[in-house]
$ cat query36.txt   # compact mmCIF, C-alpha atoms and all ligand atoms
# COMPACT_ATOMS: atom_id res chain seq x y z
CA MET A 358 -53.53 2.26 23.91
CA SER A 359 -53.63 -0.82 26.09
CA TYR A 360 -53.64 0.97 29.42
CA SER A 361 -56.70 2.16 31.31
CA ILE A 362 -57.28 5.20 33.51
CA ARG A 363 -59.10 4.72 36.82
CA ALA A 364 -59.45 6.38 40.22
CA LEU A 365 -56.46 6.01 42.56
CA GLU A 366 -57.24 3.47 45.30
CA ASP A 367 -55.52 2.82 48.63
CA LYS A 368 -53.82 -0.28 47.17
CA ASP A 369 -52.03 2.01 44.64
CA ARG A 370 -50.55 4.40 47.19
CA ASP A 371 -47.13 2.76 47.58
CA ALA A 372 -46.66 2.46 43.80
CA VAL A 373 -47.65 6.10 43.32
CA ALA A 374 -45.35 7.17 46.18
CA ALA A 375 -42.47 5.30 44.52
CA GLN A 376 -43.15 7.13 41.24
CA THR A 377 -43.30 10.46 43.07
CA CYS A 378 -40.03 9.82 44.94
CA LYS A 379 -38.31 8.86 41.68
CA HIS A 380 -38.95 12.38 40.37
CA TRP A 381 -38.93 14.50 43.53
CA THR A 382 -37.04 12.41 46.18
CA LEU A 383 -39.89 12.68 48.72
CA THR A 384 -43.69 12.51 48.58
CA ARG A 385 -43.71 16.06 50.00
CA LEU A 386 -43.69 18.67 47.25
CA GLY A 387 -43.00 22.37 47.73
CA TYR A 388 -45.49 24.90 46.44
CA ILE A 389 -44.87 28.65 46.87
CA ASP A 390 -44.33 28.76 50.66
CA HIS A 391 -45.51 25.36 51.92
CA PHE A 392 -45.17 21.64 51.36
CA ILE A 393 -47.95 19.34 50.16
CA GLU A 394 -47.96 15.73 51.34
CA THR A 395 -49.06 13.79 48.26
CA TYR A 396 -49.32 10.29 49.76
CA ASP A 397 -53.00 10.49 50.75
CA LEU A 398 -54.30 12.75 47.99
CA PRO A 399 -57.08 11.64 45.64
CA GLY A 400 -56.18 11.04 42.02
CA PHE A 401 -56.05 8.74 39.05
CA VAL A 402 -53.73 6.02 37.82
CA ALA A 403 -52.91 4.61 34.42
CA GLU A 404 -52.76 0.84 34.65
CA ASP A 405 -51.37 -1.64 32.15
CA ASN A 406 -51.70 -5.36 32.90
CA GLY A 407 -52.17 -4.65 36.60
CA LYS A 408 -49.13 -2.35 36.79
CA VAL A 409 -49.34 1.35 37.61
CA ILE A 410 -47.51 3.17 34.81
CA GLY A 411 -48.84 6.67 35.42
CA SER A 412 -50.43 8.71 38.17
CA LEU A 413 -52.00 12.05 38.95
CA THR A 414 -52.83 13.52 42.35
CA TRP A 415 -54.91 16.60 43.12
CA ARG A 416 -56.26 18.73 45.94
CA PRO A 417 -58.76 21.58 46.24
CA TYR A 418 -56.91 24.94 46.35
CA GLU A 419 -58.19 28.51 45.86
CA ASN A 420 -61.50 27.27 44.39
CA CYS A 421 -59.58 25.23 41.81
CA LEU A 422 -58.84 21.58 41.37
CA GLN A 423 -55.05 21.79 41.70
CA ILE A 424 -53.12 19.02 40.00
CA VAL A 425 -50.22 18.37 42.37
CA THR A 426 -48.41 15.59 40.48
CA VAL A 427 -48.75 14.06 37.04
CA ILE A 428 -46.28 11.32 36.16
CA SER A 429 -45.92 8.97 33.23
CA ASP A 430 -43.46 6.07 33.23
CA GLU A 431 -43.89 5.54 29.49
CA GLU A 432 -43.70 8.92 27.82
CA GLY A 433 -45.27 9.62 24.45
CA ARG A 434 -48.12 7.06 24.76
CA GLY A 435 -50.76 9.64 25.70
CA ILE A 436 -50.78 8.69 29.39
CA GLY A 437 -50.05 12.21 30.65
CA GLY A 438 -52.76 13.69 28.43
CA ALA A 439 -55.28 11.03 29.47
CA LEU A 440 -54.58 11.71 33.16
CA LEU A 441 -55.11 15.46 32.63
CA SER A 442 -58.43 14.73 30.90
CA ALA A 443 -59.50 12.56 33.86
CA ALA A 444 -58.69 15.38 36.29
CA GLU A 445 -60.61 17.88 34.14
CA ALA A 446 -63.65 15.57 34.11
CA GLU A 447 -63.37 15.32 37.92
CA ALA A 448 -63.24 19.14 38.17
CA ARG A 449 -66.40 19.31 36.05
CA ARG A 450 -68.12 16.69 38.26
CA GLN A 451 -67.16 18.52 41.44
CA LYS A 452 -68.05 21.93 39.97
CA PHE A 453 -64.59 23.47 40.26
CA PRO A 454 -64.50 26.37 37.77
CA ARG A 455 -60.80 25.89 36.99
CA VAL A 456 -57.95 23.41 37.00
CA LEU A 457 -54.62 24.76 38.27
CA ILE A 458 -51.25 23.22 37.59
CA SER A 459 -47.78 24.45 38.45
CA THR A 460 -44.32 23.82 37.21
CA GLU A 461 -40.86 25.25 37.64
CA ASN A 462 -39.48 27.88 35.25
CA SER A 463 -36.89 25.41 33.98
CA TYR A 464 -39.31 22.68 32.92
CA VAL A 465 -39.94 23.89 29.38
CA ASP A 466 -41.24 20.49 28.22
CA ALA A 467 -44.04 20.64 30.80
CA LEU A 468 -44.85 24.26 29.83
CA LYS A 469 -45.24 23.08 26.24
CA PHE A 470 -47.22 19.99 27.26
CA TYR A 471 -49.74 21.95 29.37
CA GLN A 472 -50.19 24.85 26.93
CA LYS A 473 -50.88 22.45 24.07
CA ARG A 474 -53.67 21.03 26.21
CA GLY A 475 -55.45 24.33 26.84
CA TYR A 476 -53.68 25.58 29.99
CA VAL A 477 -52.71 29.26 30.00
CA LEU A 478 -50.00 31.06 31.94
CA TYR A 479 -51.58 32.58 35.04
CA ARG A 480 -48.93 33.85 37.47
CA VAL A 481 -45.29 33.53 38.43
CA HIS A 482 -44.17 32.88 42.00
CA TYR A 483 -40.90 34.72 41.69
CA ASP A 484 -37.79 33.19 43.29
CA VAL A 485 -39.73 30.85 45.63
CA MET A 486 -37.45 27.86 45.04
CA LYS A 487 -34.70 29.37 47.19
CA ASP A 488 -36.73 29.13 50.40
CA LEU A 489 -38.29 25.77 49.44
CA ARG A 490 -34.76 24.44 48.84
CA LYS A 491 -33.76 25.44 52.41
CA GLN A 492 -36.44 23.04 53.69
CA LYS A 493 -35.78 20.39 51.01
CA PRO A 494 -32.11 20.51 50.03
CA SER A 495 -32.58 17.74 47.42
CA ILE A 496 -34.19 20.30 45.07
CA PRO A 497 -31.43 20.90 42.50
CA GLU A 498 -30.10 24.40 41.77
CA ILE A 499 -29.87 23.70 38.03
CA ASP A 500 -32.15 21.52 35.90
CA THR A 501 -30.75 18.79 33.63
CA ASN A 502 -31.26 21.19 30.69
CA GLY A 503 -28.98 23.78 32.32
CA ILE A 504 -31.70 26.25 33.38
CA PRO A 505 -31.53 27.51 37.01
CA ILE A 506 -34.59 26.31 38.99
CA ARG A 507 -35.85 29.54 40.54
CA ASP A 508 -39.55 30.26 40.10
CA GLN A 509 -42.86 28.42 40.02
CA ILE A 510 -45.33 29.13 37.25
CA ASP A 511 -49.07 28.49 37.65
CA LEU A 512 -51.16 27.62 34.61
CA ILE A 513 -54.94 27.38 34.61
CA LYS A 514 -57.67 25.96 32.43
CA ASP A 515 -61.28 27.08 32.71
CA ILE A 516 -63.72 24.22 32.94
CA ALA A 517 -66.84 24.91 30.95
C1 LIG A 601 -45.08 15.55 31.69
C2 LIG A 601 -45.44 14.05 31.55
C3 LIG A 601 -46.44 13.70 32.63
C4 LIG A 601 -46.06 13.80 30.16
O1 LIG A 601 -46.50 12.46 30.11
P1 LIG A 601 -46.66 11.62 28.71
O2 LIG A 601 -47.27 10.33 29.05
O3 LIG A 601 -45.41 11.63 27.95
O4 LIG A 601 -47.73 12.54 27.99
P2 LIG A 601 -48.36 12.36 26.54
O5 LIG A 601 -47.85 11.09 25.92
O6 LIG A 601 -49.81 12.56 26.70
O7 LIG A 601 -47.78 13.62 25.75
C5 LIG A 601 -46.41 13.96 25.80
C6 LIG A 601 -46.00 14.85 24.68
O8 LIG A 601 -44.58 14.78 24.56
C7 LIG A 601 -44.24 13.94 23.45
N1 LIG A 601 -43.27 12.96 23.99
C8 LIG A 601 -42.83 12.89 25.25
N2 LIG A 601 -41.91 11.93 25.39
C9 LIG A 601 -41.79 11.37 24.21
C10 LIG A 601 -41.00 10.34 23.72
N3 LIG A 601 -40.14 9.67 24.53
N4 LIG A 601 -41.12 10.00 22.43
C11 LIG A 601 -42.00 10.68 21.66
N5 LIG A 601 -42.75 11.70 22.07
C12 LIG A 601 -42.65 12.04 23.32
C13 LIG A 601 -45.53 13.33 23.02
O9 LIG A 601 -45.56 13.05 21.64
C14 LIG A 601 -46.52 14.43 23.36
O10 LIG A 601 -46.37 15.50 22.46
P3 LIG A 601 -47.54 16.56 22.15
O11 LIG A 601 -47.59 17.49 23.34
O12 LIG A 601 -47.08 17.22 20.92
O13 LIG A 601 -48.82 15.77 22.01
C15 LIG A 601 -44.17 13.16 31.66
O14 LIG A 601 -43.18 13.69 30.81
C16 LIG A 601 -43.57 13.00 33.04
O15 LIG A 601 -43.92 12.08 33.79
N6 LIG A 601 -42.63 13.87 33.44
C17 LIG A 601 -41.95 13.75 34.73
C18 LIG A 601 -42.82 14.12 35.90
C19 LIG A 601 -43.17 15.58 35.86
O16 LIG A 601 -42.31 16.42 35.94
N7 LIG A 601 -44.48 15.91 35.79
C20 LIG A 601 -44.96 17.27 35.64
C21 LIG A 601 -44.99 18.10 36.85
S1 LIG A 601 -46.10 17.50 38.14

$ encode --input "query36.txt" --output "structure tokens"
Amino acid sequence: MSYSIRALEDKDRDAVAAQTCKHWTLTRLGYIDHFIETYDLPGFVAEDNGKVIGSLTWRPYENCLQIVTVISDEEGRGIGGALLSAAEAEARRQKFPRVLISTENSYVDALKFYQKRGYVLYRVHYDVMKDLRKQKPSIPEIDTNGIPIRDQIDLIKDIA
């Protein structure tokens, strides 16, 4: 690996916002019944030759470190996994007992990715995408794999 993982700094915010918008149109992401503005959140970046090629943002939520976004521009190089590890180390440092991460029911690749890294299914927020879509119409009805985007699924990992 030739990239490095470091804390997100103010100078990274526009690059991270551009990555976020590429995947979710806006820097505001819907979660259950509210929107989270990601622009100012703390986090980590993966940097290669001065370029941000991955990012993770988090916030405190329900006594967990909640990972709000994790994005890799170069999939399969371990960037996503390295960003998760950085967030878990941060949770340990800040004495959060758990890391929480959410995804939509349709995103089966992410469900596989998180479970292989020790996250377990925790709860389903049934049919919440309908109301979130009313406030953010750019959320698609159907994922690129053909699965209707309907629910959010929380996964957690206990931090020893
Ligand atoms: C989910 C995501 C962050 C993973 O990032 P990543 O840098 O590919 O992560 P890693 O390289 O650590 O691991 C990815 C896994 O998929 C495999 N993989 C993914 N893309 C691959 C590719 N193009 N070629 C080969 N393997 C690939 C890796 O081998 C690895 O498999 P493993 O789980 O068996 O170890 C990335 O796919 C992404 O940015 N998705 C879009 C944004 C998103 O929806 N984020 C999640 C919700 S916030």

$ residues_around --input "query36.txt" --residues "A:Thr460" --least-positions-apart "3" --cutoff "9 Å" --atoms "only C-alpha atoms" --output "list in words"
Ser463, Tyr464, Val465, Ala467, Leu468, Asp508, Gln509, Ile510, Asp511 and Leu512 of chain A

$ closest_atom_pairs --input "query36.txt" --of "chain A" --to "ligand LIG 601 (chain A)" --cutoff "7 Å" --atoms "only C-alpha atoms and all ligand atoms" --output "Markdown table"
| residue | atom | partner | partner_atom | distance |
| --- | --- | --- | --- | --- |
| A:His380 | CA | A:LIG601 | C18 | 6.2 |
| A:Val425 | CA | A:LIG601 | S1 | 6.0 |
| A:Thr426 | CA | A:LIG601 | S1 | 3.8 |
| A:Val427 | CA | A:LIG601 | S1 | 4.5 |
| A:Ile428 | CA | A:LIG601 | O15 | 3.4 |
| A:Ser429 | CA | A:LIG601 | O15 | 3.7 |
| A:Asp430 | CA | A:LIG601 | O15 | 6.1 |
| A:Glu431 | CA | A:LIG601 | O2 | 5.9 |
| A:Glu432 | CA | A:LIG601 | O3 | 3.2 |
| A:Gly433 | CA | A:LIG601 | O5 | 3.3 |
| A:Arg434 | CA | A:LIG601 | O5 | 4.2 |
| A:Gly435 | CA | A:LIG601 | O6 | 3.2 |
| A:Ile436 | CA | A:LIG601 | O2 | 3.9 |
| A:Gly437 | CA | A:LIG601 | O4 | 3.5 |
| A:Gly438 | CA | A:LIG601 | O6 | 3.6 |
| A:Ala439 | CA | A:LIG601 | O6 | 6.3 |
| A:Thr460 | CA | A:LIG601 | C21 | 5.8 |
| A:Ala467 | CA | A:LIG601 | C1 | 5.3 |
| A:Lys469 | CA | A:LIG601 | O11 | 6.7 |
| A:Phe470 | CA | A:LIG601 | O11 | 4.7 |
| A:Lys473 | CA | A:LIG601 | O11 | 6.0 |

$ residues_around --input "query36.txt" --residues "A:Leu489" --least-positions-apart "2" --cutoff "8 Å" --atoms "only C-alpha atoms" --output "PyMOL selection string"
chain A and resi 387-391+485-487+491-493

$ closest_residue --input "query36.txt" --among "A:Lys514, A:Arg370, A:Arg507, A:Arg363" --to "A:Phe401" --atoms "only C-alpha atoms"
A:Arg363

$ atom_distance --input "query36.txt" --atom1 "atom CA of A:Asp466" --atom2 "atom CA of A:Asp500"
11.9 Å

$ closest_residue --input "query36.txt" --among "A:Cys421, A:Leu365, A:Ile496, A:Ile506" --to "A:Arg385" --atoms "only C-alpha atoms"
A:Ile496

$ atom_distance --input "query36.txt" --atom1 "atom CA of A:Thr395" --atom2 "atom CA of A:Leu440"
16.2 Å

$ closest_residue --input "query36.txt" --among "A:Gly400, A:Gly475, A:Gly411, A:Pro417" --to "A:Ala443" --atoms "only C-alpha atoms"
A:Gly400

$ atom_distance --input "query36.txt" --atom1 "atom CA of A:Ser459" --atom2 "atom CA of A:Tyr476"
10.4 Å

$ closest_residue --input "query36.txt" --among "A:Val481, A:Pro494, A:Tyr396, A:Glu404" --to "A:Ala374" --atoms "all atoms listed in the file"
A:Tyr396

$ closest_residue --input "query36.txt" --among "A:Cys378, A:Ile513, A:Val477, A:Leu441" --to "A:Asn420" --atoms "all atoms listed in the file"
A:Ile513

$ residues_around --input "query36.txt" --residues "A:Leu422" --least-positions-apart "2" --cutoff "10 Å" --atoms "all atoms listed in the file" --output "ChimeraX atom specification"
/A:415-420,424-425,444-445,447-449,451-458,513

$ write_last_selection --input "query36.txt" --atoms "C-alpha atoms" --output "PDB file, in the frame of the given file"
ATOM      1  CA  TRP A 415     -54.910  16.600  43.120  1.00  0.00           C
ATOM      2  CA  ARG A 416     -56.260  18.730  45.940  1.00  0.00           C
ATOM      3  CA  PRO A 417     -58.760  21.580  46.240  1.00  0.00           C
ATOM      4  CA  TYR A 418     -56.910  24.940  46.350  1.00  0.00           C
ATOM      5  CA  GLU A 419     -58.190  28.510  45.860  1.00  0.00           C
ATOM      6  CA  ASN A 420     -61.500  27.270  44.390  1.00  0.00           C
ATOM      7  CA  ILE A 424     -53.120  19.020  40.000  1.00  0.00           C
ATOM      8  CA  VAL A 425     -50.220  18.370  42.370  1.00  0.00           C
ATOM      9  CA  ALA A 444     -58.690  15.380  36.290  1.00  0.00           C
ATOM     10  CA  GLU A 445     -60.610  17.880  34.140  1.00  0.00           C
ATOM     11  CA  GLU A 447     -63.370  15.320  37.920  1.00  0.00           C
ATOM     12  CA  ALA A 448     -63.240  19.140  38.170  1.00  0.00           C
ATOM     13  CA  ARG A 449     -66.400  19.310  36.050  1.00  0.00           C
ATOM     14  CA  GLN A 451     -67.160  18.520  41.440  1.00  0.00           C
ATOM     15  CA  LYS A 452     -68.050  21.930  39.970  1.00  0.00           C
ATOM     16  CA  PHE A 453     -64.590  23.470  40.260  1.00  0.00           C
ATOM     17  CA  PRO A 454     -64.500  26.370  37.770  1.00  0.00           C
ATOM     18  CA  ARG A 455     -60.800  25.890  36.990  1.00  0.00           C
ATOM     19  CA  VAL A 456     -57.950  23.410  37.000  1.00  0.00           C
ATOM     20  CA  LEU A 457     -54.620  24.760  38.270  1.00  0.00           C
ATOM     21  CA  ILE A 458     -51.250  23.220  37.590  1.00  0.00           C
ATOM     22  CA  ILE A 513     -54.940  27.380  34.610  1.00  0.00           C
TER      23      ILE A 513
END
